[in-house]
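Trainee: Take a look at model_39.cif, mmCIF, C-alpha atoms and all ligand atoms; chains and numbers go by the auth columns:
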```
data_entry
loop_
_atom_site.group_PDB
_atom_site.id
_atom_site.type_symbol
_atom_site.label_atom_id
_atom_site.label_comp_id
_atom_site.label_asym_id
_atom_site.label_seq_id
_atom_site.Cartn_x
_atom_site.Cartn_y
_atom_site.Cartn_z
_atom_site.B_iso_or_equiv
_atom_site.auth_seq_id
_atom_site.auth_asym_id
ATOM 1 C CA MET A 1 102.875 112.328 111.253 0.00 967 A
ATOM 2 C CA GLY A 2 101.321 108.889 111.630 0.00 968 A
ATOM 3 C CA ALA A 3 97.982 110.232 110.420 0.00 969 A
ATOM 4 C CA THR A 4 99.652 111.969 107.472 0.00 970 A
ATOM 5 C CA LEU A 5 101.394 108.722 106.574 0.00 971 A
ATOM 6 C CA ALA A 6 98.074 106.880 106.810 0.00 972 A
ATOM 7 C CA ARG A 7 96.357 109.407 104.533 0.00 973 A
ATOM 8 C CA LEU A 8 99.205 109.160 102.076 0.00 974 A
ATOM 9 C CA HIS A 9 98.586 105.415 101.861 0.00 975 A
ATOM 10 C CA ASN A 10 94.859 106.007 101.543 0.00 976 A
ATOM 11 C CA ARG A 11 95.519 108.264 98.542 0.00 977 A
ATOM 12 C CA MET A 12 97.665 105.549 96.956 0.00 978 A
ATOM 13 C CA ASP A 13 94.882 102.941 97.274 0.00 979 A
ATOM 14 C CA PRO A 14 91.721 104.076 99.112 0.00 980 A
ATOM 15 C CA ARG A 15 90.160 100.619 99.108 0.00 981 A
ATOM 16 C CA ARG A 16 93.143 98.956 100.761 0.00 982 A
ATOM 17 C CA PHE A 17 94.285 101.647 103.238 0.00 983 A
ATOM 18 C CA PHE A 18 91.561 103.139 105.372 0.00 984 A
ATOM 19 C CA ALA A 19 91.396 106.795 106.377 0.00 985 A
ATOM 20 C CA ILE A 20 88.626 107.871 108.694 0.00 986 A
ATOM 21 C CA ARG A 21 87.600 111.051 110.443 0.00 987 A
ATOM 22 C CA GLY A 22 89.622 111.564 113.590 0.00 988 A
ATOM 23 C CA MET A 23 92.703 109.916 112.099 0.00 989 A
ATOM 24 C CA GLU A 24 95.063 112.031 114.267 0.00 990 A
ATOM 25 C CA GLU A 25 93.386 110.989 117.515 0.00 991 A
ATOM 26 C CA GLY A 26 92.997 107.396 116.360 0.00 992 A
ATOM 27 C CA TYR A 27 96.585 107.035 115.309 0.00 993 A
ATOM 28 C CA ALA A 28 97.922 108.844 118.378 0.00 994 A
ATOM 29 C CA SER A 29 96.021 106.539 120.656 0.00 995 A
ATOM 30 C CA TRP A 30 97.141 103.449 118.705 0.00 996 A
ATOM 31 C CA LEU A 31 100.808 104.523 118.684 0.00 997 A
ATOM 32 C CA SER A 32 100.861 105.466 122.355 0.00 998 A
ATOM 33 C CA ARG A 33 99.404 102.054 123.237 0.00 999 A
ATOM 34 C CA GLU A 34 102.072 100.466 121.083 0.00 1000 A
ATOM 35 C CA MET A 35 104.822 102.534 122.731 0.00 1001 A
ATOM 36 C CA ALA A 36 103.847 101.031 126.065 0.00 1002 A
ATOM 37 C CA SER A 37 104.633 97.573 124.705 0.00 1003 A
ATOM 38 C CA ARG A 38 108.112 96.169 125.222 0.00 1004 A
ATOM 39 C CA LYS A 39 107.863 94.717 121.723 0.00 1005 A
ATOM 40 C CA ALA A 40 107.588 98.098 120.032 0.00 1006 A
ATOM 41 C CA VAL A 41 110.385 100.364 118.843 0.00 1007 A
ATOM 42 C CA VAL A 42 109.515 103.980 118.113 0.00 1008 A
ATOM 43 C CA LEU A 43 112.310 106.334 117.090 0.00 1009 A
ATOM 44 C CA ALA A 44 112.245 110.043 116.363 0.00 1010 A
ATOM 45 C CA ALA A 45 114.475 112.013 113.993 0.00 1011 A
ATOM 46 C CA ILE A 46 115.357 115.317 115.595 0.00 1012 A
ATOM 47 C CA ALA A 47 116.682 118.336 113.694 0.00 1013 A
ATOM 48 C CA ARG A 48 118.485 121.130 115.498 0.00 1014 A
ATOM 49 C CA SER A 49 118.476 124.634 114.081 0.00 1015 A
ATOM 50 C CA ARG A 50 119.124 127.977 115.757 0.00 1016 A
ATOM 51 C CA GLY A 51 119.181 126.346 119.162 0.00 1017 A
ATOM 52 C CA ARG A 52 115.783 124.704 118.675 0.00 1018 A
ATOM 53 C CA GLU A 53 115.040 121.026 118.363 0.00 1019 A
ATOM 54 C CA ARG A 54 112.188 119.706 116.259 0.00 1020 A
ATOM 55 C CA ILE A 55 110.984 116.214 115.524 0.00 1021 A
ATOM 56 C CA VAL A 56 111.130 115.897 111.747 0.00 1022 A
ATOM 57 C CA GLY A 57 110.397 112.198 111.359 0.00 1023 A
ATOM 58 C CA TYR A 58 109.742 108.923 113.066 0.00 1024 A
ATOM 59 C CA ALA A 59 110.018 105.199 112.596 0.00 1025 A
ATOM 60 C CA TYR A 60 107.955 102.494 114.247 0.00 1026 A
ATOM 61 C CA GLY A 61 108.472 98.778 114.288 0.00 1027 A
ATOM 62 C CA ARG A 62 107.792 95.817 116.529 0.00 1028 A
ATOM 63 C CA LEU A 63 109.193 92.433 117.444 0.00 1029 A
ATOM 64 C CA GLU A 64 107.106 89.535 116.219 0.00 1030 A
ATOM 65 C CA GLY A 65 107.332 85.819 116.960 0.00 1031 A
ATOM 66 C CA ARG A 66 107.150 82.963 114.467 0.00 1032 A
ATOM 67 C CA ASP A 67 104.141 83.439 112.211 0.00 1033 A
ATOM 68 C CA TRP A 68 102.741 80.300 110.591 0.00 1034 A
ATOM 69 C CA ASN A 69 100.443 82.285 108.294 0.00 1035 A
ATOM 70 C CA THR A 70 103.292 83.971 106.500 0.00 1036 A
ATOM 71 C CA LEU A 71 105.915 81.301 107.320 0.00 1037 A
ATOM 72 C CA ARG A 72 108.013 84.040 108.874 0.00 1038 A
ATOM 73 C CA ASP A 73 110.450 83.224 111.631 0.00 1039 A
ATOM 74 C CA PRO A 74 110.796 85.616 114.589 0.00 1040 A
ATOM 75 C CA CYS A 75 111.694 89.044 113.320 0.00 1041 A
ATOM 76 C CA GLY A 76 111.403 92.771 113.699 0.00 1042 A
ATOM 77 C CA VAL A 77 108.741 94.308 111.488 0.00 1043 A
ATOM 78 C CA GLY A 78 109.249 97.888 110.362 0.00 1044 A
ATOM 79 C CA VAL A 79 105.785 99.365 109.963 0.00 1045 A
ATOM 80 C CA ASP A 80 106.126 103.147 109.616 0.00 1046 A
ATOM 81 C CA VAL A 81 108.814 105.518 108.418 0.00 1047 A
ATOM 82 C CA TYR A 82 107.984 109.153 107.855 0.00 1048 A
ATOM 83 C CA VAL A 83 110.006 112.325 107.345 0.00 1049 A
ATOM 84 C CA VAL A 84 108.299 115.709 107.061 0.00 1050 A
ATOM 85 C CA PRO A 85 108.598 117.132 103.521 0.00 1051 A
ATOM 86 C CA ARG A 86 110.874 120.049 104.454 0.00 1052 A
ATOM 87 C CA ALA A 87 113.452 117.690 106.003 0.00 1053 A
ATOM 88 C CA ARG A 88 113.535 115.141 103.179 0.00 1054 A
ATOM 89 C CA ARG A 89 116.463 114.168 100.959 0.00 1055 A
ATOM 90 C CA ARG A 90 119.038 114.871 103.644 0.00 1056 A
ATOM 91 C CA GLY A 91 119.460 111.329 104.827 0.00 1057 A
ATOM 92 C CA ALA A 92 116.905 111.280 107.661 0.00 1058 A
ATOM 93 C CA GLY A 93 114.831 108.522 106.036 0.00 1059 A
ATOM 94 C CA ARG A 94 117.809 106.218 105.574 0.00 1060 A
ATOM 95 C CA MET A 95 119.031 107.025 109.069 0.00 1061 A
ATOM 96 C CA LEU A 96 115.641 106.137 110.577 0.00 1062 A
ATOM 97 C CA ILE A 97 115.416 102.845 108.695 0.00 1063 A
ATOM 98 C CA GLU A 98 118.976 101.913 109.641 0.00 1064 A
ATOM 99 C CA ALA A 99 118.450 102.850 113.313 0.00 1065 A
ATOM 100 C CA LEU A 100 115.168 100.933 113.426 0.00 1066 A
ATOM 101 C CA VAL A 101 116.710 97.769 111.983 0.00 1067 A
ATOM 102 C CA ARG A 102 119.729 98.039 114.303 0.00 1068 A
ATOM 103 C CA GLU A 103 117.512 98.552 117.363 0.00 1069 A
ATOM 104 C CA LEU A 104 115.267 95.616 116.420 0.00 1070 A
ATOM 105 C CA GLY A 105 118.430 93.546 116.011 0.00 1071 A
ATOM 106 C CA ARG A 106 119.778 94.755 119.350 0.00 1072 A
ATOM 107 C CA ARG A 107 116.557 93.585 120.968 0.00 1073 A
ATOM 108 C CA GLY A 108 117.052 90.126 119.556 0.00 1074 A
ATOM 109 C CA ALA A 109 115.370 90.119 116.142 0.00 1075 A
ATOM 110 C CA PRO A 110 117.356 87.715 113.952 0.00 1076 A
ATOM 111 C CA GLN A 111 115.968 89.392 110.835 0.00 1077 A
ATOM 112 C CA ALA A 112 113.993 92.497 109.940 0.00 1078 A
ATOM 113 C CA VAL A 113 111.283 93.000 107.362 0.00 1079 A
ATOM 114 C CA ILE A 114 109.620 96.227 106.338 0.00 1080 A
ATOM 115 C CA GLN A 115 106.210 96.719 104.815 0.00 1081 A
ATOM 116 C CA VAL A 116 106.002 99.090 101.872 0.00 1082 A
ATOM 117 C CA ALA A 117 102.947 99.887 99.758 0.00 1083 A
ATOM 118 C CA ALA A 118 103.324 98.460 96.248 0.00 1084 A
ATOM 119 C CA ARG A 119 102.820 101.913 94.743 0.00 1085 A
ATOM 120 C CA ASN A 120 105.430 103.575 96.948 0.00 1086 A
ATOM 121 C CA ASP A 121 108.248 103.479 94.420 0.00 1087 A
ATOM 122 C CA ARG A 122 110.392 105.951 96.337 0.00 1088 A
ATOM 123 C CA ALA A 123 110.362 103.964 99.566 0.00 1089 A
ATOM 124 C CA LEU A 124 110.955 100.709 97.669 0.00 1090 A
ATOM 125 C CA ALA A 125 113.956 102.252 95.892 0.00 1091 A
ATOM 126 C CA ILE A 126 115.410 103.532 99.160 0.00 1092 A
ATOM 127 C CA ALA A 127 114.982 100.161 100.898 0.00 1093 A
ATOM 128 C CA GLU A 128 116.453 98.201 98.021 0.00 1094 A
ATOM 129 C CA ALA A 129 119.398 100.586 97.830 0.00 1095 A
ATOM 130 C CA MET A 130 119.951 99.826 101.523 0.00 1096 A
ATOM 131 C CA GLY A 131 120.106 96.098 100.807 0.00 1097 A
ATOM 132 C CA PHE A 132 116.558 94.888 101.520 0.00 1098 A
ATOM 133 C CA ARG A 133 115.286 92.147 99.205 0.00 1099 A
ATOM 134 C CA ARG A 134 111.666 91.787 98.049 0.00 1100 A
ATOM 135 C CA THR A 135 109.768 88.981 99.730 0.00 1101 A
ATOM 136 C CA VAL A 136 105.930 89.091 99.653 0.00 1102 A
ATOM 137 C CA VAL A 137 103.541 90.911 97.316 0.00 1103 A
ATOM 138 C CA GLU A 138 100.008 91.425 98.655 0.00 1104 A
ATOM 139 C CA LEU A 139 97.154 91.584 96.136 0.00 1105 A
ATOM 140 C CA ALA A 140 93.650 92.807 96.920 0.00 1106 A
ATOM 141 C CA ILE A 141 90.225 92.533 95.264 0.00 1107 A
ATOM 142 C CA ASP A 142 86.595 93.198 96.171 0.00 1108 A
ATOM 143 C CA PRO A 143 84.784 89.805 96.090 0.00 1109 A
ATOM 144 C CA ALA A 144 82.240 91.231 93.624 0.00 1110 A
ATOM 145 C CA GLU A 145 85.023 91.915 91.126 0.00 1111 A
ATOM 146 C CA ILE A 146 86.506 88.447 90.916 0.00 1112 A
ATOM 147 C CA ARG A 147 86.477 87.054 87.392 0.00 1113 A
ATOM 148 C CA GLY A 148 85.616 83.393 87.218 0.00 1114 A
ATOM 149 C CA ALA A 149 87.517 80.781 85.278 0.00 1115 A
HETATM 150 C C1 LIG B . 110.434 107.748 102.158 0.00 1 B
HETATM 151 C C2 LIG B . 110.980 108.851 103.092 0.00 1 B
HETATM 152 C C3 LIG B . 110.909 108.367 104.535 0.00 1 B
HETATM 153 C C4 LIG B . 112.443 109.126 102.707 0.00 1 B
HETATM 154 O O1 LIG B . 112.938 110.092 103.602 0.00 1 B
HETATM 155 P P1 LIG B . 114.176 111.023 103.209 0.00 1 B
HETATM 156 O O2 LIG B . 114.642 111.667 104.466 0.00 1 B
HETATM 157 O O3 LIG B . 113.825 111.877 102.071 0.00 1 B
HETATM 158 O O4 LIG B . 115.195 109.924 102.703 0.00 1 B
HETATM 159 P P2 LIG B . 116.742 110.127 102.530 0.00 1 B
HETATM 160 O O5 LIG B . 117.108 111.568 102.466 0.00 1 B
HETATM 161 O O6 LIG B . 117.427 109.290 103.547 0.00 1 B
HETATM 162 O O7 LIG B . 116.942 109.555 101.093 0.00 1 B
HETATM 163 C C5 LIG B . 117.264 108.217 100.893 0.00 1 B
HETATM 164 C C6 LIG B . 117.568 108.027 99.436 0.00 1 B
HETATM 165 O O8 LIG B . 116.419 108.218 98.616 0.00 1 B
HETATM 166 C C7 LIG B . 116.647 109.230 97.646 0.00 1 B
HETATM 167 N N1 LIG B . 115.425 110.027 97.603 0.00 1 B
HETATM 168 C C8 LIG B . 114.806 110.612 98.639 0.00 1 B
HETATM 169 N N2 LIG B . 113.712 111.273 98.204 0.00 1 B
HETATM 170 C C9 LIG B . 113.661 111.069 96.858 0.00 1 B
HETATM 171 C C10 LIG B . 112.790 111.514 95.836 0.00 1 B
HETATM 172 N N3 LIG B . 111.759 112.319 96.099 0.00 1 B
HETATM 173 N N4 LIG B . 113.023 111.110 94.567 0.00 1 B
HETATM 174 C C11 LIG B . 114.073 110.321 94.292 0.00 1 B
HETATM 175 N N5 LIG B . 114.939 109.879 95.231 0.00 1 B
HETATM 176 C C12 LIG B . 114.745 110.264 96.482 0.00 1 B
HETATM 177 C C13 LIG B . 117.793 110.027 98.156 0.00 1 B
HETATM 178 O O9 LIG B . 118.515 110.570 97.075 0.00 1 B
HETATM 179 C C14 LIG B . 118.586 108.996 98.916 0.00 1 B
HETATM 180 O O10 LIG B . 119.396 108.267 98.059 0.00 1 B
HETATM 181 P P3 LIG B . 120.975 108.242 98.310 0.00 1 B
HETATM 182 O O11 LIG B . 121.182 107.946 99.755 0.00 1 B
HETATM 183 O O12 LIG B . 121.435 107.163 97.418 0.00 1 B
HETATM 184 O O13 LIG B . 121.410 109.603 97.941 0.00 1 B
HETATM 185 C C15 LIG B . 110.202 110.165 102.904 0.00 1 B
HETATM 186 O O14 LIG B . 110.202 110.525 101.544 0.00 1 B
HETATM 187 C C16 LIG B . 108.770 110.076 103.396 0.00 1 B
HETATM 188 O O15 LIG B . 108.485 110.283 104.575 0.00 1 B
HETATM 189 N N6 LIG B . 107.829 109.762 102.470 0.00 1 B
HETATM 190 C C17 LIG B . 106.444 109.623 102.813 0.00 1 B
HETATM 191 C C18 LIG B . 106.184 108.424 103.702 0.00 1 B
HETATM 192 C C19 LIG B . 106.664 107.123 103.134 0.00 1 B
HETATM 193 O O16 LIG B . 106.561 106.845 101.955 0.00 1 B
HETATM 194 N N7 LIG B . 107.219 106.274 104.031 0.00 1 B
HETATM 195 C C20 LIG B . 107.782 104.991 103.689 0.00 1 B
HETATM 196 C C21 LIG B . 106.827 103.869 103.755 0.00 1 B
HETATM 197 S S1 LIG B . 106.121 103.546 105.320 0.00 1 B
#
```
Would you mind writing the file out in structure tokens?
Mentor:
Amino acid sequence: MGATLARLHNRMDPRRFFAIRGMEEGYASWLSREMASRKAVVLAAIARSRGRERIVGYAYGRLEGRDWNTLRDPCGVGVDVYVVPRARRRGAGRMLIEALVRELGRRGAPQAVIQVAARNDRALAIAEAMGFRRTVVELAIDPAEIRGA
């Protein structure tokens, strides 16, 4: 799911979001290293049907200290939220975001921020409907493309 989410971002803006061969292995190894950290929160959405349980989504975030670069006080950063297409629009996405923010708060984060790609209108709409406010907008350019004054 992490690799699918990464590829989805790559399709939105291939120059900003990398996608390489071996994305599954790469992401799995990154996420499992993260899961070993006490700063990370990884949650799974589980659907039960006909006596079977399946993971249909996940959320990943981490606790961060004060960051002078972004002038951000200690907080929980929500990095990934993903729900498999067949389980969407039944509230799993909202539930994951809410559970992630609550868990980050329970672990001491005085505030939570989430990172959403600028072109991900759906995720932005969901977050704003849940009460998040917009804070930072990242802009990117290749140095060769900069237009002088
Ligand atoms: C974004 C995502 C996590 C939402 O998951 P979900 O389980 O469909 O979300 P929910 O069912 O909780 O829906 C939340 C709200 O968004 C609305 N919504 C969901 N999918 C929508 C769609 N395709 N078009 C319009 N609205 C949509 C729902 O109606 C709901 O609104 P409501 O609570 O006011 O009724 C899911 O679409 C996804 O995994 N997308 C790809 C990955 C991604 O973009 N992740 C987020 C950035 S990291």
Trainee: Find the nearest atom pair between each residue of chain A and ligand LIG 1 (chain B) for residues within 6 Å, count only C-alpha atoms and all ligand atoms, give distances in Å to one decimal, sort rows by chain and ascending number, and present the table as JSON lines.
Mentor:
```
{"residue": "A:Leu971", "atom": "CA", "partner": "B:LIG1", "partner_atom": "C18", "distance": 5.6}
{"residue": "A:Asp1046", "atom": "CA", "partner": "B:LIG1", "partner_atom": "S1", "distance": 4.3}
{"residue": "A:Val1047", "atom": "CA", "partner": "B:LIG1", "partner_atom": "S1", "distance": 4.6}
{"residue": "A:Tyr1048", "atom": "CA", "partner": "B:LIG1", "partner_atom": "O15", "distance": 3.5}
{"residue": "A:Val1049", "atom": "CA", "partner": "B:LIG1", "partner_atom": "O15", "distance": 3.8}
{"residue": "A:Val1050", "atom": "CA", "partner": "B:LIG1", "partner_atom": "O15", "distance": 6.0}
{"residue": "A:Arg1054", "atom": "CA", "partner": "B:LIG1", "partner_atom": "O3", "distance": 3.5}
{"residue": "A:Arg1055", "atom": "CA", "partner": "B:LIG1", "partner_atom": "O5", "distance": 3.1}
{"residue": "A:Arg1056", "atom": "CA", "partner": "B:LIG1", "partner_atom": "O5", "distance": 4.0}
{"residue": "A:Gly1057", "atom": "CA", "partner": "B:LIG1", "partner_atom": "O6", "distance": 3.2}
{"residue": "A:Ala1058", "atom": "CA", "partner": "B:LIG1", "partner_atom": "O2", "distance": 3.9}
{"residue": "A:Gly1059", "atom": "CA", "partner": "B:LIG1", "partner_atom": "O1", "distance": 3.5}
{"residue": "A:Arg1060", "atom": "CA", "partner": "B:LIG1", "partner_atom": "O6", "distance": 3.7}
{"residue": "A:Val1082", "atom": "CA", "partner": "B:LIG1", "partner_atom": "C21", "distance": 5.2}
{"residue": "A:Ala1089", "atom": "CA", "partner": "B:LIG1", "partner_atom": "C1", "distance": 4.6}
{"residue": "A:Ile1092", "atom": "CA", "partner": "B:LIG1", "partner_atom": "O8", "distance": 4.8}
```
Trainee: I need the residue nearest Arg1020 of chain A from this list: A:Ala969, A:Val1043, A:Ala1084, A:Ala1053. Use only C-alpha atoms for the distance.
Mentor: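 Comparing A:Ala969, A:Val1043, A:Ala1084, A:Ala1053 against Arg1020 of chain A, the winner is A:Ala1053.
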Trainee: If we count only C-alpha atoms and set the cut-off at 12 Å, which residues sit around Met1096 of chain A, ignoring sequence neighbours fewer than 2 positions away in its own chain? Please answer as a PyMOL selection string.
Mentor: chain A and resi 1057+1059-1064+1067+1080+1089-1094+1098-1099
Trainee: Since I can't run it myself right now, could you work out what the PyMOL selection byres (((chain A and resi 993-1000) around 12) and not hetatm) selects here and report it as a PDB file with C-alpha atoms, in the frame of the given file?
Mentor:
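Saved to out.pdb:
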```
ATOM      1  CA  MET A 967     102.875 112.328 111.253  1.00  0.00           C
ATOM      2  CA  GLY A 968     101.321 108.889 111.630  1.00  0.00           C
ATOM      3  CA  ALA A 969      97.982 110.232 110.420  1.00  0.00           C
ATOM      4  CA  THR A 970      99.652 111.969 107.472  1.00  0.00           C
ATOM      5  CA  LEU A 971     101.394 108.722 106.574  1.00  0.00           C
ATOM      6  CA  ALA A 972      98.074 106.880 106.810  1.00  0.00           C
ATOM      7  CA  ARG A 973      96.357 109.407 104.533  1.00  0.00           C
ATOM      8  CA  PHE A 984      91.561 103.139 105.372  1.00  0.00           C
ATOM      9  CA  ALA A 985      91.396 106.795 106.377  1.00  0.00           C
ATOM     10  CA  ILE A 986      88.626 107.871 108.694  1.00  0.00           C
ATOM     11  CA  ARG A 987      87.600 111.051 110.443  1.00  0.00           C
ATOM     12  CA  GLY A 988      89.622 111.564 113.590  1.00  0.00           C
ATOM     13  CA  MET A 989      92.703 109.916 112.099  1.00  0.00           C
ATOM     14  CA  GLU A 990      95.063 112.031 114.267  1.00  0.00           C
ATOM     15  CA  GLU A 991      93.386 110.989 117.515  1.00  0.00           C
ATOM     16  CA  GLY A 992      92.997 107.396 116.360  1.00  0.00           C
ATOM     17  CA  MET A1001     104.822 102.534 122.731  1.00  0.00           C
ATOM     18  CA  ALA A1002     103.847 101.031 126.065  1.00  0.00           C
ATOM     19  CA  SER A1003     104.633  97.573 124.705  1.00  0.00           C
ATOM     20  CA  ARG A1004     108.112  96.169 125.222  1.00  0.00           C
ATOM     21  CA  LYS A1005     107.863  94.717 121.723  1.00  0.00           C
ATOM     22  CA  ALA A1006     107.588  98.098 120.032  1.00  0.00           C
ATOM     23  CA  VAL A1007     110.385 100.364 118.843  1.00  0.00           C
ATOM     24  CA  VAL A1008     109.515 103.980 118.113  1.00  0.00           C
ATOM     25  CA  LEU A1009     112.310 106.334 117.090  1.00  0.00           C
ATOM     26  CA  TYR A1024     109.742 108.923 113.066  1.00  0.00           C
ATOM     27  CA  ALA A1025     110.018 105.199 112.596  1.00  0.00           C
ATOM     28  CA  TYR A1026     107.955 102.494 114.247  1.00  0.00           C
ATOM     29  CA  GLY A1027     108.472  98.778 114.288  1.00  0.00           C
ATOM     30  CA  ARG A1028     107.792  95.817 116.529  1.00  0.00           C
ATOM     31  CA  LEU A1029     109.193  92.433 117.444  1.00  0.00           C
ATOM     32  CA  VAL A1045     105.785  99.365 109.963  1.00  0.00           C
ATOM     33  CA  ASP A1046     106.126 103.147 109.616  1.00  0.00           C
TER      34      ASP A1046
END
```
Trainee: Work out how far atom CA of Gln1077 of chain A is from atom CA of Ala1065 of chain A, in Å to one decimal.
Mentor: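 Atom-to-atom, atom CA of Ala1065 of chain A to atom CA of Gln1077 of chain A, that is 13.9 Å.
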Trainee: Give me, please, the distance in Å between atom CA of Gly1042 of chain A and atom CA of Val1079 of chain A, quoted to one decimal.
Mentor: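 Distance reported for this atom pair: 6.3 Å.
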Trainee: List, as an MDAnalysis selection string, every residue that the PyMOL selection byres (((chain A and resi 1085) around 12) and not hetatm) selects in the file provided.
Mentor: chainID A and resid 974:979 982 1081:1084 1086:1091 1103:1105
Trainee: I'd like the interatomic distance between atom CA of Ile1107 of chain A and atom CA of Gly1031 of chain A, to a tenth of an Å.
Mentor: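 Atom-to-atom, atom CA of Ile1107 of chain A to atom CA of Gly1031 of chain A, that is 28.4 Å.
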Trainee: To verify the selection step, state as JSON, numbers by chain which residues the PyMOL selection byres (((chain A and resi 1032) around 12) and not hetatm) yields on this input.
Mentor: {"A": [1029, 1030, 1031, 1033, 1034, 1035, 1036, 1037, 1038, 1039, 1040, 1041, 1042, 1043, 1075, 1076, 1077]}
Trainee: Could you tell me which of A:Ser1015, A:Ala1095, A:Ala1106, A:Leu1070 comes closest to Pro980 of chain A if we count only C-alpha atoms?
Mentor: A:Ala1106
Trainee: Please return the centre and edge lengths, in Å to one decimal, of a box with edges along x, y and z that contains all listed atoms of segment 993-999 of chain A, widened by 5 Å on every side, as AutoDock Vina command-line options.
Mentor:
```
--center_x 98.4 --center_y 105.4 --center_z 119.3 --size_x 14.8 --size_y 16.8 --size_z 17.9
```
Trainee: Could you rebuild segment 996-1002 of chain A with all heavy atoms and give me the result as a CSV table (one decimal), in the coordinates of the input?
Mentor:
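Writing the result to rebuild_10.csv gives the following:
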```
chain,number,residue,atom,x,y,z
A,996,TRP,N,96.6,104.7,119.1
A,996,TRP,CA,97.1,103.4,118.7
A,996,TRP,C,98.7,103.4,119.0
A,996,TRP,O,99.2,102.5,119.6
A,996,TRP,CB,96.9,103.2,117.2
A,996,TRP,CG,97.8,102.2,116.6
A,996,TRP,CD1,98.7,102.5,115.6
A,996,TRP,CD2,97.9,100.8,116.8
A,996,TRP,NE1,99.4,101.4,115.2
A,996,TRP,CE2,98.9,100.3,116.0
A,996,TRP,CE3,97.3,99.9,117.6
A,996,TRP,CZ2,99.3,99.0,115.9
A,996,TRP,CZ3,97.6,98.6,117.6
A,996,TRP,CH2,98.7,98.1,116.8
A,997,LEU,N,99.4,104.5,118.5
A,997,LEU,CA,100.8,104.5,118.7
A,997,LEU,C,101.2,104.6,120.2
A,997,LEU,O,102.2,104.0,120.6
A,997,LEU,CB,101.4,105.7,117.9
A,997,LEU,CG,102.9,105.6,117.6
A,997,LEU,CD1,103.2,104.3,116.8
A,997,LEU,CD2,103.4,106.8,116.8
A,998,SER,N,100.5,105.4,120.9
A,998,SER,CA,100.9,105.5,122.4
A,998,SER,C,100.6,104.1,123.1
A,998,SER,O,101.4,103.8,123.9
A,998,SER,CB,100.2,106.6,123.1
A,998,SER,OG,98.8,106.6,122.9
A,999,ARG,N,99.6,103.4,122.7
A,999,ARG,CA,99.4,102.1,123.2
A,999,ARG,C,100.6,101.2,122.8
A,999,ARG,O,101.1,100.4,123.6
A,999,ARG,CB,98.1,101.4,122.7
A,999,ARG,CG,96.9,101.8,123.6
A,999,ARG,CD,95.8,100.8,123.4
A,999,ARG,NE,95.4,100.5,122.1
A,999,ARG,CZ,94.6,101.2,121.3
A,999,ARG,NH1,94.1,102.4,121.8
A,999,ARG,NH2,94.3,100.9,120.1
A,1000,GLU,N,101.0,101.3,121.6
A,1000,GLU,CA,102.1,100.5,121.1
A,1000,GLU,C,103.4,100.8,121.8
A,1000,GLU,O,104.1,99.9,122.2
A,1000,GLU,CB,102.3,100.7,119.6
A,1000,GLU,CG,101.5,99.9,118.7
A,1000,GLU,CD,101.9,98.4,118.8
A,1000,GLU,OE1,102.9,98.0,118.3
A,1000,GLU,OE2,101.1,97.7,119.5
A,1001,MET,N,103.6,102.1,122.1
A,1001,MET,CA,104.8,102.5,122.7
A,1001,MET,C,105.0,102.0,124.1
A,1001,MET,O,106.0,101.9,124.7
A,1001,MET,CB,104.9,104.1,122.7
A,1001,MET,CG,105.3,104.6,121.4
A,1001,MET,SD,105.1,106.4,121.3
A,1001,MET,CE,106.6,106.9,122.1
A,1002,ALA,N,103.8,101.6,124.7
A,1002,ALA,CA,103.8,101.0,126.1
A,1002,ALA,C,104.3,99.6,126.0
A,1002,ALA,O,104.6,99.0,127.1
A,1002,ALA,CB,102.5,101.2,126.7
```
